[in-house]
Amino acid sequence: TEELLHKTEKLSLVGELAAGIAHEIRNPLTTIKGFVRLLCQAADNRNLPYSDIILGEIDRINQIVSEFMVFAKPHTIAFSKCNVSSIMSSVIHLLNAEAALKNIIITHQFSSENLYIFGEKHQLKQVFLNLLKNAIEAMPDGGNIHVTIKTQDNKISIYIQDDGVGMSEEQIRKLGEPFYTTKETGTGLGLMVSYKIIQSHKGTIQVRSEKGCGTSFTITFPALLENPSIGESYKVK
Ligand code: ADP
Ligand code: MG
């Protein structure tokens, strides 16, 4: 089952607004969490169950918010020359420990050519993180994730393959809809945000999946040709 995803109309306002708000929510949350911990130490034991609930709910908000903007401040988004393979390497590195705990091995094969695109590195990091997290979550009993990056016809393609639970056609059709999730504690926001970012980078995303066999996402961006005049960073909007 294969489908080219064009769901831009669904993302416009929701995505942009939410990403902006999400970033601002993180700092006060961190403060609240710190002070709840302090209060727990001071409080008598009767109240401890309440503080566990509070801390648990703070973690849940953090999880929702992190689907949007772990790395980027929305108002300082500047496009520049980005090395896709080094961004991907950093995300794989970030997830390796978590993957190992779940008996998942992440392997990769990056072309040795220049893998540059014109983009915003924090947003690209967010996309790779959201997709790799989904791949990990699709393999509750462990498995393999393979990431390939190569260039062709002035384009750079990134393949993220897993041998996890896979999806039905019906599921594939719903991908990218805000709040569409099949997970008990999922947010259904990761792909919506990723599609939005890919779209703003003039990229495309394709998915191929089979129930019980696995899933493969392919993201394609226009390659940045060696041209010093466009390698310079500038602000968008
Ligand atoms: P969430 O991960 O919070 O559920 P996402 O937007 O990241 O939200 O993903 C939406 C849904 O798409 C998931 O709940 C899952 O059903 C499906 N999905 C995404 N990636 C994969 C994958 N690699 N394998 C199987 N299903 C996937
Ligand atoms: Mg997700």
# chains A, B, ... in the order shown; residues from 1 in each chain; ligands from 1
call {"tool": "residues_near_ligand", "arguments": {"ligand": "ligand 2", "cutoff": "10 Å", "atoms": "only C-alpha atoms and all ligand atoms", "output": "VMD selection string"}}
result
chain A and resid 64 67 129 to 138 180 to 183 186 to 194
call {"tool": "write_last_selection", "arguments": {"atoms": "C-alpha atoms", "output": "tab-separated table (two decimals), in the first residue's frame"}}
result
chain	number	residue	atom	x	y	z
A	64	ILE	CA	2.17	16.55	24.01
A	67	GLU	CA	5.67	16.61	19.48
A	129	LEU	CA	12.70	12.69	15.73
A	130	ASN	CA	8.93	12.36	15.26
A	131	LEU	CA	9.33	9.75	12.50
A	132	LEU	CA	11.96	7.72	14.32
A	133	LYS	CA	9.91	7.79	17.52
A	134	ASN	CA	6.95	6.40	15.60
A	135	ALA	CA	9.14	3.65	14.17
A	136	ILE	CA	10.31	2.73	17.67
A	137	GLU	CA	6.75	2.77	18.98
A	138	ALA	CA	5.67	0.49	16.10
A	180	TYR	CA	-5.31	10.83	14.79
A	181	THR	CA	-3.64	8.22	16.95
A	182	THR	CA	-3.91	4.46	17.52
A	183	LYS	CA	-1.81	4.60	20.69
A	186	GLY	CA	-0.50	9.04	21.74
A	187	THR	CA	-1.14	12.65	20.79
A	188	GLY	CA	-1.76	12.28	17.07
A	189	LEU	CA	0.22	15.46	16.52
A	190	GLY	CA	3.68	14.26	15.52
A	191	LEU	CA	2.95	13.60	11.87
A	192	MET	CA	0.79	16.68	11.42
A	193	VAL	CA	3.66	18.84	12.60
A	194	SER	CA	6.18	16.90	10.51
call {"tool": "residues_around", "arguments": {"residues": "His201 of chain A", "least_positions_apart": "5", "cutoff": "10 Å", "atoms": "only C-alpha atoms", "output": "list in words"}}
result
Phe79, Ile117, Phe118, Gly119, Glu120, Gln123, Leu124, Tyr195, Lys196, Thr220, Phe221 and Pro222 of chain A
call {"tool": "select_by_dssp", "arguments": {"residues": "segment 22-144 of chain A", "states": "strand (DSSP E)", "output": "list in words"}}
result
Ala78, Phe79, Ser80, Lys81, Cys82, Asn83, Ile104, Ile105, Ile106, Thr107, His108, Gln109, Phe110, Tyr116, Ile117, Phe118, Gly119, Gly143 and Asn144 of chain A
call {"tool": "atom_distance", "arguments": {"atom1": "atom CA of Asn27 of chain A", "atom2": "atom CA of Lys121 of chain A"}}
result
21.3 Å
call {"tool": "atom_distance", "arguments": {"atom1": "atom CA of Ser86 of chain A", "atom2": "atom CA of Thr215 of chain A"}}
result
23.4 Å
call {"tool": "residues_around", "arguments": {"residues": "Leu38 of chain A", "least_positions_apart": "4", "cutoff": "12 Å", "atoms": "only C-alpha atoms", "output": "list in words"}}
result
Thr31, Ile32, Lys33, Gly34, Ala42, Ala43, Leu48, Ser51 and Leu55 of chain A
call {"tool": "closest_residue", "arguments": {"among": "A:Gln206, A:Thr185, A:Asn83, A:Ser200", "to": "ligand 1", "atoms": "only C-alpha atoms and all ligand atoms"}}
result
A:Thr185
call {"tool": "residues_around", "arguments": {"residues": "segment 154-162 of chain A", "least_positions_apart": "5", "cutoff": "6 Å", "atoms": "only C-alpha atoms", "output": "number ranges by chain"}}
result
A: 135, 144-149, 214-223
call {"tool": "write_last_selection", "arguments": {"atoms": "N, CA and C atoms", "output": "PDB file, in the first residue's frame"}}
result
ATOM      1  N   ALA A 135       8.590   4.952  14.568  1.00  0.00           N
ATOM      2  CA  ALA A 135       9.145   3.652  14.173  1.00  0.00           C
ATOM      3  C   ALA A 135       9.441   2.821  15.417  1.00  0.00           C
ATOM      4  N   ASN A 144      14.180  -3.826  13.846  1.00  0.00           N
ATOM      5  CA  ASN A 144      15.221  -3.033  13.190  1.00  0.00           C
ATOM      6  C   ASN A 144      14.638  -1.796  12.524  1.00  0.00           C
ATOM      7  N   ILE A 145      15.403  -0.717  12.619  1.00  0.00           N
ATOM      8  CA  ILE A 145      15.070   0.497  11.872  1.00  0.00           C
ATOM      9  C   ILE A 145      16.257   0.776  10.965  1.00  0.00           C
ATOM     10  N   HIS A 146      15.974   1.039   9.707  1.00  0.00           N
ATOM     11  CA  HIS A 146      17.072   1.375   8.807  1.00  0.00           C
ATOM     12  C   HIS A 146      16.832   2.739   8.171  1.00  0.00           C
ATOM     13  N   VAL A 147      17.834   3.590   8.252  1.00  0.00           N
ATOM     14  CA  VAL A 147      17.724   4.937   7.698  1.00  0.00           C
ATOM     15  C   VAL A 147      18.705   5.084   6.540  1.00  0.00           C
ATOM     16  N   THR A 148      18.193   5.479   5.390  1.00  0.00           N
ATOM     17  CA  THR A 148      19.045   5.673   4.221  1.00  0.00           C
ATOM     18  C   THR A 148      18.899   7.109   3.742  1.00  0.00           C
ATOM     19  N   ILE A 149      20.015   7.725   3.345  1.00  0.00           N
ATOM     20  CA  ILE A 149      19.932   9.049   2.724  1.00  0.00           C
ATOM     21  C   ILE A 149      20.732   9.018   1.425  1.00  0.00           C
ATOM     22  N   GLY A 214       5.603  -3.956   8.220  1.00  0.00           N
ATOM     23  CA  GLY A 214       6.448  -2.798   8.482  1.00  0.00           C
ATOM     24  C   GLY A 214       6.034  -1.591   7.673  1.00  0.00           C
ATOM     25  N   THR A 215       6.792  -0.532   7.881  1.00  0.00           N
ATOM     26  CA  THR A 215       6.453   0.755   7.288  1.00  0.00           C
ATOM     27  C   THR A 215       7.704   1.426   6.793  1.00  0.00           C
ATOM     28  N   SER A 216       7.555   2.141   5.678  1.00  0.00           N
ATOM     29  CA  SER A 216       8.686   2.896   5.168  1.00  0.00           C
ATOM     30  C   SER A 216       8.222   4.296   4.770  1.00  0.00           C
ATOM     31  N   PHE A 217       8.811   5.298   5.401  1.00  0.00           N
ATOM     32  CA  PHE A 217       8.531   6.686   5.043  1.00  0.00           C
ATOM     33  C   PHE A 217       9.668   7.202   4.159  1.00  0.00           C
ATOM     34  N   THR A 218       9.330   7.915   3.112  1.00  0.00           N
ATOM     35  CA  THR A 218      10.338   8.544   2.264  1.00  0.00           C
ATOM     36  C   THR A 218      10.090  10.048   2.220  1.00  0.00           C
ATOM     37  N   ILE A 219      11.077  10.806   2.642  1.00  0.00           N
ATOM     38  CA  ILE A 219      10.981  12.263   2.572  1.00  0.00           C
ATOM     39  C   ILE A 219      11.947  12.728   1.496  1.00  0.00           C
ATOM     40  N   THR A 220      11.489  13.606   0.631  1.00  0.00           N
ATOM     41  CA  THR A 220      12.366  14.116  -0.423  1.00  0.00           C
ATOM     42  C   THR A 220      12.403  15.642  -0.389  1.00  0.00           C
ATOM     43  N   PHE A 221      13.623  16.189  -0.382  1.00  0.00           N
ATOM     44  CA  PHE A 221      13.818  17.643  -0.386  1.00  0.00           C
ATOM     45  C   PHE A 221      14.610  18.048  -1.621  1.00  0.00           C
ATOM     46  N   PRO A 222      14.417  19.269  -2.106  1.00  0.00           N
ATOM     47  CA  PRO A 222      15.314  19.761  -3.153  1.00  0.00           C
ATOM     48  C   PRO A 222      16.734  19.895  -2.580  1.00  0.00           C
ATOM     49  N   ALA A 223      17.729  19.391  -3.301  1.00  0.00           N
ATOM     50  CA  ALA A 223      19.116  19.495  -2.825  1.00  0.00           C
ATOM     51  C   ALA A 223      19.597  20.932  -2.976  1.00  0.00           C
TER      52      ALA A 223
END
call {"tool": "select_by_dssp", "arguments": {"residues": "segment 18-217 of chain A", "states": "alpha helix (DSSP H)", "output": "MDAnalysis selection string"}}
result
chainID A and resid 18:42 48:66 84:101 121:137 169:174 190:200
